file my_file-v2.txt (compact mmCIF, C-alpha atoms)
# COMPACT_ATOMS: atom_id res chain seq x y z
CA MET A 1 93.41 75.34 -23.91
CA ARG A 2 95.46 76.47 -20.95
CA GLU A 3 93.50 79.74 -20.94
CA HIS A 4 90.22 77.87 -20.36
CA THR A 5 91.77 75.62 -17.72
CA GLU A 6 92.93 78.68 -15.78
CA LYS A 7 89.36 80.02 -15.78
CA LEU A 8 87.77 76.70 -14.84
CA ASN A 9 90.27 76.32 -12.02
CA PRO A 10 90.05 72.55 -11.51
CA PRO A 11 91.86 71.09 -8.48
CA ARG A 12 94.34 69.12 -10.57
CA ALA A 13 95.09 69.65 -14.26
CA LEU A 14 97.87 68.69 -16.64
CA TRP A 15 98.12 71.00 -19.64
CA VAL A 16 99.30 69.15 -22.73
CA PRO A 17 100.54 70.83 -25.94
CA PHE A 18 98.71 68.41 -28.24
CA GLU A 19 96.28 69.23 -31.00
CA LEU A 20 92.55 69.22 -30.36
CA GLY A 21 91.16 65.71 -30.47
CA ARG A 22 94.33 64.06 -29.14
CA PRO A 23 94.35 64.51 -25.36
CA VAL A 24 96.75 61.59 -24.82
CA GLY A 25 99.09 62.68 -27.58
CA ALA A 26 99.63 60.44 -30.56
CA PRO A 27 98.35 57.17 -32.06
CA GLY A 28 100.54 54.10 -31.95
CA GLU A 29 102.83 55.60 -29.30
CA PRO A 30 102.10 53.58 -26.16
CA ALA A 31 105.25 54.66 -24.29
CA PHE A 32 104.47 58.32 -24.91
CA GLN A 33 100.82 57.82 -23.95
CA ARG A 34 101.92 56.17 -20.74
CA ARG A 35 104.14 59.12 -19.83
CA VAL A 36 101.19 61.48 -20.33
CA ILE A 37 98.91 59.42 -18.10
CA GLU A 38 101.55 58.92 -15.43
CA ALA A 39 102.13 62.68 -15.37
CA ALA A 40 98.40 63.28 -14.96
CA LEU A 41 97.96 60.65 -12.25
CA GLY A 42 101.10 61.96 -10.54
CA LEU A 43 99.05 65.03 -9.63
CA LEU A 44 97.20 62.85 -7.14
CA ALA A 45 100.22 63.23 -4.87
CA ALA A 46 99.95 67.02 -4.70
CA PRO A 47 99.47 68.05 -1.05
CA SER A 48 97.40 71.12 -1.90
CA GLY A 49 95.89 72.82 -4.89
CA PRO A 50 94.77 73.92 -7.32
CA VAL A 51 97.58 72.46 -9.41
CA LEU A 52 98.08 73.26 -13.09
CA GLU A 53 101.20 71.63 -14.49
CA SER A 54 102.50 71.53 -18.04
CA PHE A 55 103.53 68.35 -19.83
CA PRO A 56 107.04 69.04 -21.14
CA GLU A 57 107.01 67.07 -24.41
CA ASP A 58 105.39 67.65 -27.78
CA ALA A 59 103.55 64.67 -29.25
CA PRO A 60 105.26 62.59 -31.93
CA GLY A 61 103.71 63.48 -35.27
CA GLY A 62 102.44 66.77 -33.94
CA VAL A 63 102.47 70.14 -35.64
CA SER A 64 106.19 70.58 -35.06
CA ASP A 65 107.08 67.41 -36.98
CA ASP A 66 107.45 67.47 -40.73
CA HIS A 67 105.22 64.95 -42.48
CA SER A 68 104.80 66.87 -45.68
CA GLY A 69 105.77 63.72 -47.56
CA TRP A 70 102.52 61.90 -46.72
CA VAL A 71 100.60 60.76 -49.76
CA CYS A 72 97.39 58.81 -50.10
CA PRO A 73 98.08 55.11 -50.74
CA VAL A 74 95.92 55.27 -53.88
CA ASN A 75 96.27 57.67 -56.78
CA LEU A 76 92.71 58.89 -56.94
CA ALA A 77 91.41 60.60 -60.03
CA PRO A 78 91.55 64.38 -59.71
CA PRO A 79 88.38 65.69 -58.10
CA PRO A 80 85.85 66.93 -60.64
CA ALA A 81 86.81 70.36 -61.88
CA ALA A 82 83.30 71.62 -61.27
CA ALA A 83 82.12 70.87 -57.76
CA GLU A 84 78.64 70.38 -59.23
CA ALA A 85 79.86 67.21 -60.94
CA ALA A 86 80.89 65.54 -57.70
CA GLY A 87 77.92 63.29 -57.13
CA ALA A 88 77.57 59.80 -55.74
CA SER A 89 79.12 58.03 -58.71
CA ALA A 90 82.50 59.76 -58.47
CA VAL A 91 82.61 59.09 -54.74
CA LEU A 92 81.70 55.42 -55.14
CA VAL A 93 84.59 55.02 -57.61
CA GLU A 94 86.93 56.38 -54.93
CA VAL A 95 85.39 54.08 -52.34
CA ASP A 96 86.16 51.10 -54.56
CA GLN A 97 89.74 52.29 -55.06
CA LEU A 98 90.28 52.83 -51.33
CA ARG A 99 88.45 49.69 -50.16
CA PRO A 100 91.56 47.42 -49.92
CA TRP A 101 93.26 50.02 -47.71
CA TYR A 102 90.18 50.50 -45.55
CA GLN A 103 89.97 46.74 -45.07
CA LEU A 104 93.68 46.48 -44.32
CA GLY A 105 93.43 49.24 -41.72
CA ARG A 106 90.43 47.55 -40.14
CA GLU A 107 92.30 44.26 -39.89
CA GLN A 108 95.45 45.88 -38.51
CA ARG A 109 93.58 47.80 -35.84
CA GLY A 110 90.99 45.15 -35.10
CA ARG A 111 88.31 47.82 -35.21
CA THR A 112 86.69 50.52 -37.26
CA THR A 113 85.06 53.74 -36.12
CA VAL A 114 82.74 53.78 -39.13
CA GLY A 115 79.11 53.02 -38.39
CA VAL A 116 77.61 55.84 -36.36
CA SER A 117 75.04 56.42 -39.13
CA GLY A 118 73.91 52.81 -39.09
CA LEU A 119 74.28 52.85 -42.88
CA GLY A 120 76.84 51.07 -45.02
CA ILE A 121 79.41 53.27 -46.75
CA GLU A 122 77.60 53.13 -50.09
CA ALA A 123 74.25 53.96 -48.50
CA ALA A 124 75.84 56.86 -46.60
CA VAL A 125 77.23 58.30 -49.85
CA GLU A 126 73.91 57.80 -51.62
CA LEU A 127 71.99 59.52 -48.82
CA LEU A 128 74.22 62.60 -49.07
CA ALA A 129 73.84 62.70 -52.86
CA ALA A 130 70.08 62.14 -52.60
CA TYR A 131 69.74 65.22 -50.41
CA LEU A 132 71.25 67.29 -53.21
CA ASP A 133 68.71 65.92 -55.65
CA ASP A 134 65.77 66.39 -53.27
CA PRO A 135 66.18 68.38 -50.01
CA SER A 136 62.76 67.14 -48.87
CA ILE A 137 63.77 63.47 -48.60
CA ALA A 138 62.86 61.64 -45.42
CA SER A 139 65.39 60.52 -42.83
CA PRO A 140 66.37 56.90 -43.43
CA ARG A 141 66.16 56.10 -39.71
CA ASP A 142 63.24 56.34 -37.33
CA GLY A 143 63.91 58.72 -34.45
CA LEU A 144 66.71 60.50 -36.30
CA SER A 145 66.13 63.83 -38.02
CA LEU A 146 67.31 64.25 -41.59
CA ALA A 147 69.95 66.70 -40.35
CA GLN A 148 71.31 64.13 -37.90
CA ALA A 149 71.22 61.38 -40.52
CA LEU A 150 73.21 63.58 -42.90
CA LYS A 151 75.68 64.49 -40.14
CA PHE A 152 76.32 60.88 -39.20
CA ALA A 153 76.54 59.81 -42.85
CA ALA A 154 79.13 62.53 -43.41
CA GLU A 155 81.12 61.45 -40.36
CA ASP A 156 81.09 57.85 -41.58
CA VAL A 157 82.33 58.87 -45.02
CA LYS A 158 85.14 60.95 -43.51
CA ALA A 159 86.09 58.17 -41.08
CA TRP A 160 86.06 55.57 -43.87
CA TYR A 161 88.39 57.68 -46.04
CA LEU A 162 90.78 58.58 -43.21
CA GLU A 163 90.98 55.01 -41.93
CA ALA A 164 91.90 53.93 -45.47
CA ALA A 165 94.37 56.77 -45.88
CA THR A 166 96.21 55.91 -42.65
CA ALA A 167 96.38 52.16 -43.22
CA ARG A 168 99.81 52.33 -44.77
CA PRO A 169 102.57 52.38 -42.13
CA GLY A 170 104.15 55.71 -41.32
CA PRO A 171 102.98 58.85 -39.58
CA ALA A 172 100.48 61.13 -41.21
CA ARG A 173 99.98 64.63 -39.88
CA SER A 174 96.31 65.32 -39.31
CA ALA A 175 96.42 68.62 -41.19
CA ALA A 176 97.69 66.83 -44.31
CA LEU A 177 94.90 64.26 -44.02
CA THR A 178 92.26 66.95 -43.59
CA ASP A 179 93.60 68.93 -46.52
CA TRP A 180 93.67 65.82 -48.70
CA PHE A 181 90.08 64.93 -47.89
CA TRP A 182 88.61 68.39 -48.49
CA ARG A 183 90.74 69.45 -51.46
CA GLU A 184 91.57 66.26 -53.33
CA THR A 185 88.67 63.84 -53.05
CA ALA A 186 85.28 63.64 -54.68
CA ALA A 187 83.88 62.80 -51.26
CA GLY A 188 85.11 66.12 -49.91
CA ALA A 189 83.58 67.89 -52.92
CA LEU A 190 80.27 66.10 -52.29
CA LEU A 191 80.23 67.13 -48.63
CA LEU A 192 81.00 70.73 -49.59
CA ARG A 193 77.97 70.69 -51.90
CA VAL A 194 75.80 69.18 -49.17
CA ALA A 195 76.97 71.79 -46.68
CA SER A 196 76.22 74.60 -49.12
CA ALA A 197 72.75 73.19 -49.77
CA CYS A 198 72.10 72.88 -46.04
CA CYS A 199 73.13 76.51 -45.54
CA ARG A 200 70.35 77.51 -47.95
CA SER A 201 67.73 75.43 -46.15
CA ASP A 202 64.76 76.93 -44.33
CA VAL A 203 64.90 74.06 -41.82
CA ALA A 204 66.79 75.29 -38.75
CA GLY A 205 68.50 71.98 -38.03
CA LEU A 206 69.73 71.61 -41.60
CA LYS A 207 70.88 75.22 -41.75
CA ALA A 208 72.85 74.83 -38.51
CA LEU A 209 74.34 71.61 -39.83
CA GLY A 210 75.57 73.31 -42.98
CA GLU A 211 76.93 76.33 -41.18
CA LYS A 212 78.71 74.59 -38.30
CA SER A 213 78.88 70.84 -38.32
CA LEU A 214 79.94 69.47 -41.70
CA VAL A 215 82.97 71.44 -42.85
CA PRO A 216 85.77 72.41 -40.43
CA ARG A 217 86.44 76.11 -39.99
CA SER A 218 89.89 75.51 -41.43
CA HIS A 219 88.30 74.68 -44.79
CA ALA A 220 85.12 76.75 -44.71
CA SER A 221 86.56 78.99 -47.43
CA LEU A 222 85.94 76.12 -49.88
CA LEU A 223 82.18 76.45 -49.42
CA ALA A 224 80.41 77.85 -52.47
CA MET H 1 94.21 71.04 -24.82
CA VAL H 2 96.24 72.77 -27.41
CA ARG H 3 98.89 75.44 -27.77
CA LEU H 4 97.18 78.57 -29.09
CA SER H 5 100.19 79.45 -31.21
CA ASP H 6 99.75 76.16 -33.10
CA LEU H 7 96.33 77.28 -34.34
CA SER H 8 95.38 79.66 -37.10
CA GLU H 9 94.56 83.16 -35.92
CA LEU H 10 90.91 82.54 -36.79
CA GLU H 11 90.70 79.29 -34.85
CA ALA H 12 92.59 80.67 -31.85
CA GLN H 13 90.31 83.67 -31.63
CA HIS H 14 87.21 81.47 -31.96
CA LEU H 15 88.35 79.37 -29.00
CA LEU H 16 89.26 82.40 -26.93
CA ASP H 17 85.80 83.85 -27.57
CA LEU H 18 83.96 80.72 -26.44
CA PRO H 19 81.99 81.27 -23.22
CA CYS H 20 83.85 79.66 -20.35
CA PRO H 21 82.77 79.56 -16.71
CA VAL H 22 85.12 81.32 -14.32
CA ASN H 23 85.46 79.51 -10.99
CA ALA H 24 87.02 81.56 -8.23
CA ASP H 25 87.24 78.54 -5.97
CA SER H 26 88.61 75.10 -6.62
CA PRO H 27 87.29 72.17 -4.57
CA TRP H 28 90.01 70.09 -3.02
CA ALA H 29 89.97 66.53 -1.75
CA ALA H 30 92.86 64.43 -0.63
CA ALA H 31 93.62 61.72 -3.17
CA PRO H 32 94.91 58.20 -2.71
CA PRO H 33 98.45 57.48 -3.80
CA PRO H 34 98.41 56.24 -7.43
CA GLY H 35 99.12 52.69 -6.29
CA LYS H 36 95.85 52.68 -4.34
CA ALA H 37 93.80 54.46 -7.00
CA ARG H 38 90.85 52.84 -8.75
CA VAL H 39 90.70 54.89 -11.93
CA ALA H 40 87.84 55.66 -14.32
CA ILE H 41 88.05 57.57 -17.59
CA ILE H 42 85.56 60.34 -18.30
CA THR H 43 85.91 61.89 -21.73
CA SER H 44 84.10 64.70 -23.50
CA ALA H 45 84.73 63.08 -26.89
CA GLY H 46 81.15 62.01 -27.59
CA LEU H 47 81.92 58.30 -27.44
CA SER H 48 79.12 55.77 -27.35
CA LEU H 49 78.53 52.12 -28.07
CA ARG H 50 77.12 51.14 -31.45
CA SER H 51 74.00 49.96 -29.64
CA ASP H 52 73.53 53.34 -27.87
CA ASP H 53 71.68 56.40 -29.08
CA SER H 54 74.26 58.68 -30.63
CA PHE H 55 74.82 62.14 -29.20
CA ARG H 56 72.73 64.98 -30.64
CA PRO H 57 73.44 68.72 -30.55
CA GLY H 58 72.96 70.05 -27.03
CA ALA H 59 73.16 66.61 -25.40
CA ALA H 60 73.69 66.92 -21.64
CA ASP H 61 73.71 63.24 -20.78
CA TYR H 62 76.44 60.63 -20.83
CA ARG H 63 77.06 57.16 -22.21
CA VAL H 64 78.44 54.24 -20.21
CA ILE H 65 81.45 52.41 -21.61
CA PRO H 66 82.09 49.10 -19.85
CA ALA H 67 85.78 48.41 -19.32
CA ALA H 68 85.39 44.97 -20.88
CA ILE H 69 83.74 46.17 -24.08
CA ASP H 70 85.42 45.35 -27.40
CA SER H 71 86.93 48.64 -28.64
CA GLY H 72 85.33 47.99 -32.04
CA GLU H 73 81.97 48.67 -30.42
CA ILE H 74 82.94 52.26 -29.59
CA VAL H 75 82.09 55.06 -32.03
CA MET H 76 82.24 58.86 -31.87
CA SER H 77 79.25 61.12 -32.49
CA HIS H 78 80.56 64.47 -31.31
CA VAL H 79 78.80 67.36 -33.05
CA SER H 80 81.98 69.37 -33.69
CA THR H 81 83.94 68.96 -36.88
CA ASN H 82 86.80 71.15 -35.66
CA PHE H 83 89.05 68.66 -33.89
CA ASP H 84 91.14 65.81 -35.18
CA ARG H 85 89.51 62.39 -35.33
CA SER H 86 92.27 60.60 -37.23
CA GLY H 87 94.23 59.90 -34.04
CA PHE H 88 91.21 58.24 -32.43
CA GLN H 89 90.52 56.32 -35.63
CA GLN H 90 94.03 54.88 -35.61
CA ASP H 91 94.30 54.24 -31.87
CA ILE H 92 91.48 54.47 -29.36
CA ASN H 93 93.98 55.24 -26.58
CA VAL H 94 94.54 58.74 -27.99
CA VAL H 95 91.15 59.66 -26.52
CA PHE H 96 90.17 56.71 -24.33
CA PRO H 97 93.40 55.27 -22.90
CA ILE H 98 91.93 52.04 -21.59
CA ASP H 99 94.84 49.87 -22.72
CA ARG H 100 97.31 52.14 -20.93
CA LEU H 101 95.27 51.99 -17.72
CA ARG H 102 95.20 48.19 -17.90
CA GLU H 103 98.98 48.16 -18.24
CA LEU H 104 99.38 50.53 -15.29
CA ALA H 105 97.13 48.31 -13.18
CA ALA H 106 98.95 45.15 -14.25
CA ASP H 107 102.33 46.48 -13.07
CA GLY H 108 100.94 48.03 -9.89
CA THR H 109 101.39 51.68 -10.85
CA ILE H 110 97.69 52.15 -10.15
CA GLY H 111 95.49 50.01 -7.94
CA SER H 112 92.83 48.98 -10.45
CA VAL H 113 90.75 50.02 -13.44
CA ALA H 114 87.08 50.85 -12.92
CA ASP H 115 84.48 48.51 -14.33
CA PHE H 116 82.70 51.39 -16.08
CA HIS H 117 83.86 54.53 -17.88
CA TYR H 118 81.84 57.42 -19.26
CA SER H 119 81.58 59.92 -22.08
CA PHE H 120 79.84 63.25 -22.41
CA MET H 121 79.65 65.29 -25.61
CA GLY H 122 81.73 68.34 -24.85
CA ALA H 123 80.12 70.86 -27.18
CA THR H 124 77.29 71.40 -24.69
CA GLU H 125 77.52 74.36 -22.32
CA PRO H 126 79.26 73.15 -19.13
CA GLU H 127 76.50 74.41 -16.83
CA LYS H 128 73.97 72.13 -18.53
CA LEU H 129 76.07 69.09 -17.69
CA GLU H 130 76.00 69.63 -13.93
CA ALA H 131 72.95 67.52 -13.08
CA LYS H 132 74.26 64.49 -14.95
CA ALA H 133 77.76 65.06 -13.61
CA ARG H 134 76.41 64.88 -10.06
CA GLU H 135 74.49 61.72 -10.95
CA LEU H 136 77.66 60.26 -12.37
CA ALA H 137 79.60 61.00 -9.18
CA GLY H 138 77.23 58.66 -7.34
CA LEU H 139 77.78 55.89 -9.87
CA LEU H 140 81.54 56.29 -9.55
CA LYS H 141 81.32 55.88 -5.79
CA GLU H 142 79.28 52.71 -6.23
CA ASP H 143 82.08 51.39 -8.45
CA ARG H 144 84.57 52.30 -5.63
CA VAL H 145 86.33 54.75 -7.96
CA ASN H 146 88.61 57.16 -6.12
CA ALA H 147 90.43 58.81 -9.05
CA VAL H 148 89.16 59.98 -12.45
CA LEU H 149 91.15 60.67 -15.59
CA LEU H 150 89.37 63.40 -17.58
CA THR H 151 90.22 63.47 -21.29
CA PRO H 152 88.78 66.54 -23.03
CA VAL H 153 89.01 66.71 -26.82

call {"tool": "encode", "arguments": {"input": "my_file-v2.txt", "output": "structure tokens"}}
result
Amino acid sequence: MREHTEKLNPPRALWVPFELGRPVGAPGEPAFQRRVIEAALGLLAAPSGPVLESFPEDAPGGVSDDHSGWVCPVNLAPPPAAAEAAGASAVLVEVDQLRPWYQLGREQRGRTTVGVSGLGIEAAVELLAAYLDDPSIASPRDGLSLAQALKFAAEDVKAWYLEAATARPGPARSAALTDWFWRETAAGALLLRVASACCRSDVAGLKALGEKSLVPRSHASLLA
Amino acid sequence: MVRLSDLSELEAQHLLDLPCPVNADSPWAAAPPPGKARVAIITSAGLSLRSDDSFRPGAADYRVIPAAIDSGEIVMSHVSTNFDRSGFQQDINVVFPIDRLRELAADGTIGSVADFHYSFMGATEPEKLEAKARELAGLLKEDRVNAVLLTPV
């Protein structure tokens, strides 16, 4: 935020009008990314400071572009009408449906960001569902609290879905992807249930997880 | 960074209400011309290698990202769920522009790319990061880095 940069008063700063999480602008846009970095490094030539300049371009695919036509590459079954029904089995069906697209995206990019939990995708889903069945389960990893294990499992599930959903060529606005995940998938419904259960926990780490670190503020109204 | 008017009123107000240090002074050091710069990336995105400990809430330390590492070894364990990750998932350069720096070094726009880059987890209060930031400054000097590209998420 420009407002924070003005308070922090760094010697050289380039303010960019890009959404949070995208400091260099947009994926798959190397020429645009290069212009951003050249503008930032160009501040090295300033004879005195502090310098706070503004980057003059919006990012391709940003909030001002219309990508309302984005659709998931797979027609998933409607999420269970009752959130209570969204357990591991419904999510694993989606995982199977999305798997070809996840694999295609992984091959195209030569990488995946899934794996911070150290669990496979199925095990991550099953851990989240198991917590709903028994909030006293043990963490599956030594040295990692149950709250952290659930957090990383949730991040892996989200990353797996979004990597699959963006494998098909064409821009996808992040807001559309987020809305799809939380409103239209069984995985989103499962995570909403986990977050609600964590909010009711007496364990401080689990309660904080449920209240702040599973569901984005933009979709917190979906919490039961 | 983001344009406040692009956020919901709730999200904009949340960010405005976050505690933020106010620095009356701004340290200044002469910089090399870009063509003589040896550049390192420091991000607050909570990046780590698969073999590293992931970041936990309140983490004030950093992870080392070797320039030569395969990008598939880099994962994100930032505690916040309120910023976009889909850009990073599709293209690491959105957060960690290592390919762009290599290109800039190859055509002489910058002098060279540092051997090591670094990530903090930016949800921690800035004051708690100071000790490790000072430690990191020493490591950067050892790597002959004379310019840093900071990429906050």

call {"tool": "interface_residues", "arguments": {"input": "my_file-v2.txt", "of": "chain A", "to": "chain H", "cutoff": "7 Å", "atoms": "all atoms listed in the file", "output": "PyMOL selection string"}}
result
chain A and resi 1-2+4+7-11+15-28+34+41+44-45+49-50+111-113+116+162-163+174+213-217

call {"tool": "residues_around", "arguments": {"input": "my_file-v2.txt", "residues": "range 127-130 of chain H", "least_positions_apart": "3", "cutoff": "7 Å", "atoms": "only C-alpha atoms", "output": "list in words"}}
result
Ala60, Ala133 and Arg134 of chain H

call {"tool": "atom_distance", "arguments": {"input": "my_file-v2.txt", "atom1": "CA of Lys132 in chain H", "atom2": "CA of Val145 in chain H"}}
result
17.0 Å

call {"tool": "atom_distance", "arguments": {"input": "my_file-v2.txt", "atom1": "CA of Leu119 in chain A", "atom2": "CA of Ala165 in chain A"}}
result
20.7 Å

call {"tool": "atom_distance", "arguments": {"input": "my_file-v2.txt", "atom1": "CA of Ala172 in chain A", "atom2": "CA of Val71 in chain A"}}
result
8.6 Å

call {"tool": "closest_residue", "arguments": {"input": "my_file-v2.txt", "among": "A:Cys72, A:Val125, A:Ile37, A:Ala175", "to": "Ser218 in chain A", "atoms": "only C-alpha atoms"}}
result
A:Ala175

call {"tool": "closest_residue", "arguments": {"input": "my_file-v2.txt", "among": "A:Gly205, A:Ala13, A:Arg173, A:Asn75", "to": "Glu53 in chain A", "atoms": "all atoms listed in the file"}}
result
A:Ala13

call {"tool": "closest_residue", "arguments": {"input": "my_file-v2.txt", "among": "A:Leu128, A:Leu222, A:Ala39, A:Ile121", "to": "Gly87 in chain A", "atoms": "all atoms listed in the file"}}
result
A:Leu128

call {"tool": "closest_residue", "arguments": {"input": "my_file-v2.txt", "among": "H:Glu135, H:Asp17, H:Glu9, H:Asp143", "to": "Pro66 in chain H", "atoms": "all atoms listed in the file"}}
result
H:Asp143
